[in-house]
Amino acid sequence: GLLRVTLDILGGGPTWWGGLILALGALSALKGVLYALVENDLKRLLAYSSVENVGIVLMGVGLGLVFRGYGQPSLAALALVAALFHALNHATFKGLLFLGAGSVVSATGTRDMEEMGGLIKKMPQTAALFLLGSAAISALPPLNGFASEWMIFQSLMSGALVPQPYVAALMALAAGALALTGGLAAACFVKAFGIPFLALPRSRAAQVARESGAAMRLGMAILGALCVLLGVLPFLPVRFASAALAGLPGLDATEARFAFGWTMESPGGASRISPQALAICLVAAIAALPLGLRLAGASRRLRSAGTWGCGRVSRTPRMEYTSTAFAEPLRRVFEGLYRPTRDLTIDFHPESKYFVRSIEYKSRLVSWFEAYLYRPLFALTRPLGESGRLIQSGSVHLYITYIVLALLAGLLLAHWL
């Protein structure tokens, strides 16, 4: 819809629109992944990750508009196809992750990752599929997230072809932001998988969790297969995305960049990659591992040994890394962005203030955009929405009348303009 309105109806608009969308997309991607990293609620983490991925899509859209404005139709088509491809990929792996999160929440009764742990033994199939989705969203080859982000990276690296130095500098900064976002996203989903599924259970609900139903697992398996298929055969979605953009003015076809479906090539041939070759190498490496161990003289006999506990005799969940502890270094580095609120309650012994019975520490993060933009905007527009309830009569005939009047008003406005 954004592309149709911008390119088809508005004729592309000025070039600075693309630069603005590119900058906002980069900021959105960074902001989303930074807030996802410090989130303890599993579903809120995935929601913040959606902000990140929408930002990546907007980066592709902004790039396409910039290249189109500077007379580079092939690069514009590549960037816009990459944006559409990443939107499809995001729908795929984020759907898989939300289904996995739903299974975990249903099994444990909580969305707080601090109360999970050890679920890989209770829900092995859900854990495997969630791991696949985590790898895809982290842009690891040969999965689909890697293919679309590779295309966006190649578009950004082609910024040297733009004659304006400040635009090329903006693209270089955006490439750095995308690289930083990718690294933070990988760390985020190490946490999103490791804290709930690995280590020891940290609550009674996690100890008694059970695998989700067959229908839920089938849905996750289908989406997981799509993550692999779209990553190994990216020419299929690229072909459909190119066809969708074919009718828009000022763009070249992108299908020729994906010859025979075996290679992905950047404009000018500066960079080339084969997703199928990556997949074959990965499978070969995994298959060669047991063969190598066998040739090295490893025994087939299974051995069981306890986990090394740093010299401790027993291990408890209190010794584990928690969701909060995992993100604590990042929270300290970006404290100026997060601006956490802290509450410290100390219960002193009644006999002496030098003896403490308990200390309770609470820290909360409130998004700056939520506190200073969305909530005031909601408070400002809520009275207008409440007044709009006056026309909600429940009568279908009256609603049809509203539609006819709106249509007539639109026709009169179009005629007048």
# chains A, B, ... in the order shown; residues from 1 in each chain; ligands from 1
>>> residues_around(residues="Met123 in chain A", least_positions_apart="2", cutoff="10 Å", atoms="only C-alpha atoms", output="PyMOL selection string")
chain A and resi 103-104+107+118-121+125-128+197+209-212
>>> residues_around(residues="range 363-370 of chain A", least_positions_apart="5", cutoff="6 Å", atoms="only C-alpha atoms", output="NGL selection string")
:A and (340-342 or 375)
>>> residues_around(residues="Val51 in chain A", least_positions_apart="3", cutoff="12 Å", atoms="only C-alpha atoms", output="VMD selection string")
chain A and resid 24 to 36 44 to 48 54 to 58 87 90 94 181 185
>>> write_last_selection(atoms="C-alpha atoms", output="PDB file, in the first residue's frame")
ATOM      1  CA  LEU A  24      13.362   6.342  10.431  1.00  0.00           C
ATOM      2  CA  GLY A  25      13.593   2.661   9.501  1.00  0.00           C
ATOM      3  CA  ALA A  26      17.143   2.400  10.853  1.00  0.00           C
ATOM      4  CA  LEU A  27      16.161   4.126  14.116  1.00  0.00           C
ATOM      5  CA  SER A  28      13.077   1.921  14.431  1.00  0.00           C
ATOM      6  CA  ALA A  29      15.124  -1.247  13.910  1.00  0.00           C
ATOM      7  CA  LEU A  30      17.676  -0.254  16.553  1.00  0.00           C
ATOM      8  CA  LYS A  31      15.078   0.924  19.052  1.00  0.00           C
ATOM      9  CA  GLY A  32      12.997  -2.227  18.647  1.00  0.00           C
ATOM     10  CA  VAL A  33      15.844  -4.679  19.166  1.00  0.00           C
ATOM     11  CA  LEU A  34      17.267  -2.721  22.126  1.00  0.00           C
ATOM     12  CA  TYR A  35      13.948  -2.872  23.959  1.00  0.00           C
ATOM     13  CA  ALA A  36      13.466  -6.527  22.984  1.00  0.00           C
ATOM     14  CA  ARG A  44       6.428  -8.536  24.458  1.00  0.00           C
ATOM     15  CA  LEU A  45       9.954  -9.457  23.384  1.00  0.00           C
ATOM     16  CA  LEU A  46       8.563 -10.802  20.111  1.00  0.00           C
ATOM     17  CA  ALA A  47       6.416  -7.684  19.699  1.00  0.00           C
ATOM     18  CA  TYR A  48       9.441  -5.394  20.102  1.00  0.00           C
ATOM     19  CA  VAL A  54       9.311  -3.409  10.282  1.00  0.00           C
ATOM     20  CA  GLY A  55      12.193  -0.942  10.537  1.00  0.00           C
ATOM     21  CA  ILE A  56      14.289  -3.192   8.288  1.00  0.00           C
ATOM     22  CA  VAL A  57      11.441  -3.325   5.757  1.00  0.00           C
ATOM     23  CA  LEU A  58      11.198   0.482   5.828  1.00  0.00           C
ATOM     24  CA  ALA A  87       8.063  -8.617   4.945  1.00  0.00           C
ATOM     25  CA  HIS A  90       8.994 -11.750   8.875  1.00  0.00           C
ATOM     26  CA  LYS A  94       7.507 -14.407  13.484  1.00  0.00           C
ATOM     27  CA  THR A 181      20.781  -4.534  14.672  1.00  0.00           C
ATOM     28  CA  ALA A 185      18.981  -9.541  17.299  1.00  0.00           C
TER      29      ALA A 185
END
>>> residues_around(residues="Phe146 in chain A", least_positions_apart="5", cutoff="9 Å", atoms="only C-alpha atoms", output="PyMOL selection string")
chain A and resi 136-141+151+231
>>> write_last_selection(atoms="C-alpha atoms", output="PDB file, in the first residue's frame")
ATOM      1  CA  ALA A 136      15.846 -17.476  10.917  1.00  0.00           C
ATOM      2  CA  ILE A 137      15.061 -14.150  12.592  1.00  0.00           C
ATOM      3  CA  SER A 138      18.765 -13.805  13.493  1.00  0.00           C
ATOM      4  CA  ALA A 139      19.546 -13.940   9.736  1.00  0.00           C
ATOM      5  CA  LEU A 140      21.640 -17.103   9.929  1.00  0.00           C
ATOM      6  CA  PRO A 141      22.218 -18.885   6.592  1.00  0.00           C
ATOM      7  CA  MET A 151      19.710  -8.193  -0.385  1.00  0.00           C
ATOM      8  CA  GLY A 231      15.982 -19.314   2.391  1.00  0.00           C
TER       9      GLY A 231
END
>>> residues_around(residues="Gly224 in chain A", least_positions_apart="5", cutoff="7 Å", atoms="only C-alpha atoms", output="number ranges by chain")
A: 96, 129, 132-133
>>> write_last_selection(atoms="C-alpha atoms", output="short mmCIF file (atom, residue, chain, number, x, y, z; two decimals), in the first residue's frame")
data_model
loop_
_atom_site.label_atom_id
_atom_site.label_comp_id
_atom_site.auth_asym_id
_atom_site.auth_seq_id
_atom_site.Cartn_x
_atom_site.Cartn_y
_atom_site.Cartn_z
CA LEU A 96 6.49 -19.58 14.01
CA LEU A 129 11.02 -25.40 16.07
CA LEU A 132 14.71 -22.80 13.99
CA GLY A 133 12.62 -19.62 14.10
#
>>> closest_residue(among="A:Asn53, A:Thr322, A:Gln72, A:Thr6", to="Arg202 in chain A", atoms="only C-alpha atoms")
A:Thr322
>>> select_by_dssp(residues="range 259-390 of chain A", states="helix (DSSP H, G or I)", output="JSON, numbers by chain")
{"A": [259, 260, 261, 267, 268, 269, 275, 276, 277, 278, 279, 280, 281, 282, 283, 284, 285, 286, 287, 288, 289, 290, 291, 292, 293, 294, 295, 317, 318, 319, 323, 324, 325, 326, 327, 328, 329, 330, 331, 332, 333, 335, 336, 337, 338, 368, 369, 370, 371, 372, 373, 374, 375, 376, 377, 378, 379, 380, 381, 382, 383, 384, 385, 386, 387, 388, 389, 390]}
>>> write_last_selection(atoms="C-alpha atoms", output="short mmCIF file (atom, residue, chain, number, x, y, z; two decimals), in the first residue's frame")
data_model
loop_
_atom_site.label_atom_id
_atom_site.label_comp_id
_atom_site.auth_asym_id
_atom_site.auth_seq_id
_atom_site.Cartn_x
_atom_site.Cartn_y
_atom_site.Cartn_z
CA ALA A 259 20.01 -16.62 -12.75
CA PHE A 260 18.79 -20.23 -12.71
CA GLY A 261 17.80 -19.78 -9.07
CA PRO A 267 24.21 -5.21 -9.19
CA GLY A 268 27.48 -5.10 -11.10
CA GLY A 269 28.46 -8.56 -9.88
CA PRO A 275 21.96 -20.28 -0.81
CA GLN A 276 21.77 -23.84 -2.12
CA ALA A 277 25.54 -24.26 -1.84
CA LEU A 278 25.40 -22.92 1.73
CA ALA A 279 22.68 -25.43 2.58
CA ILE A 280 24.61 -28.31 1.02
CA CYS A 281 27.79 -27.35 2.90
CA LEU A 282 25.88 -27.13 6.18
CA VAL A 283 24.28 -30.55 5.70
CA ALA A 284 27.63 -32.04 4.67
CA ALA A 285 29.35 -30.57 7.75
CA ILE A 286 26.69 -31.98 10.06
CA ALA A 287 26.87 -35.38 8.37
CA ALA A 288 30.67 -35.40 8.51
CA LEU A 289 30.78 -34.75 12.26
CA PRO A 290 29.83 -38.28 13.42
CA LEU A 291 31.99 -39.78 10.68
CA GLY A 292 34.97 -37.73 11.85
CA LEU A 293 34.40 -38.76 15.46
CA ARG A 294 34.23 -42.39 14.39
CA LEU A 295 37.46 -42.15 12.42
CA PRO A 317 17.91 -22.54 39.72
CA ARG A 318 19.11 -19.56 41.77
CA MET A 319 22.60 -20.12 40.34
CA SER A 323 16.53 -13.00 31.71
CA THR A 324 17.38 -9.84 33.65
CA ALA A 325 20.97 -10.90 34.33
CA PHE A 326 21.55 -11.76 30.67
CA ALA A 327 20.62 -8.24 29.55
CA GLU A 328 22.18 -6.37 32.50
CA PRO A 329 25.41 -5.31 30.68
CA LEU A 330 23.38 -3.86 27.83
CA ARG A 331 21.01 -2.18 30.26
CA ARG A 332 23.98 -0.41 31.84
CA VAL A 333 25.49 0.66 28.51
CA GLU A 335 20.92 3.39 30.56
CA GLY A 336 20.43 6.84 29.05
CA LEU A 337 18.02 5.36 26.52
CA TYR A 338 16.15 3.01 28.84
CA TRP A 368 10.06 6.65 25.89
CA PHE A 369 7.76 6.54 22.87
CA GLU A 370 5.02 4.94 24.93
CA ALA A 371 5.30 7.40 27.79
CA TYR A 372 5.78 10.65 25.88
CA LEU A 373 4.17 10.00 22.48
CA TYR A 374 1.56 7.24 22.38
CA ARG A 375 -0.08 7.81 25.77
CA PRO A 376 -0.45 11.62 25.34
CA LEU A 377 -1.68 11.08 21.79
CA PHE A 378 -4.21 8.52 23.02
CA ALA A 379 -5.38 10.87 25.76
CA LEU A 380 -5.76 13.64 23.18
CA THR A 381 -7.76 11.60 20.66
CA ARG A 382 -9.86 9.58 23.10
CA PRO A 383 -12.54 12.32 23.55
CA LEU A 384 -12.90 12.49 19.77
CA GLY A 385 -13.39 8.73 19.64
CA GLU A 386 -15.94 8.85 22.44
CA SER A 387 -17.91 11.53 20.58
CA GLY A 388 -17.90 9.32 17.48
CA ARG A 389 -19.96 6.74 19.38
CA LEU A 390 -22.97 9.03 18.92
#
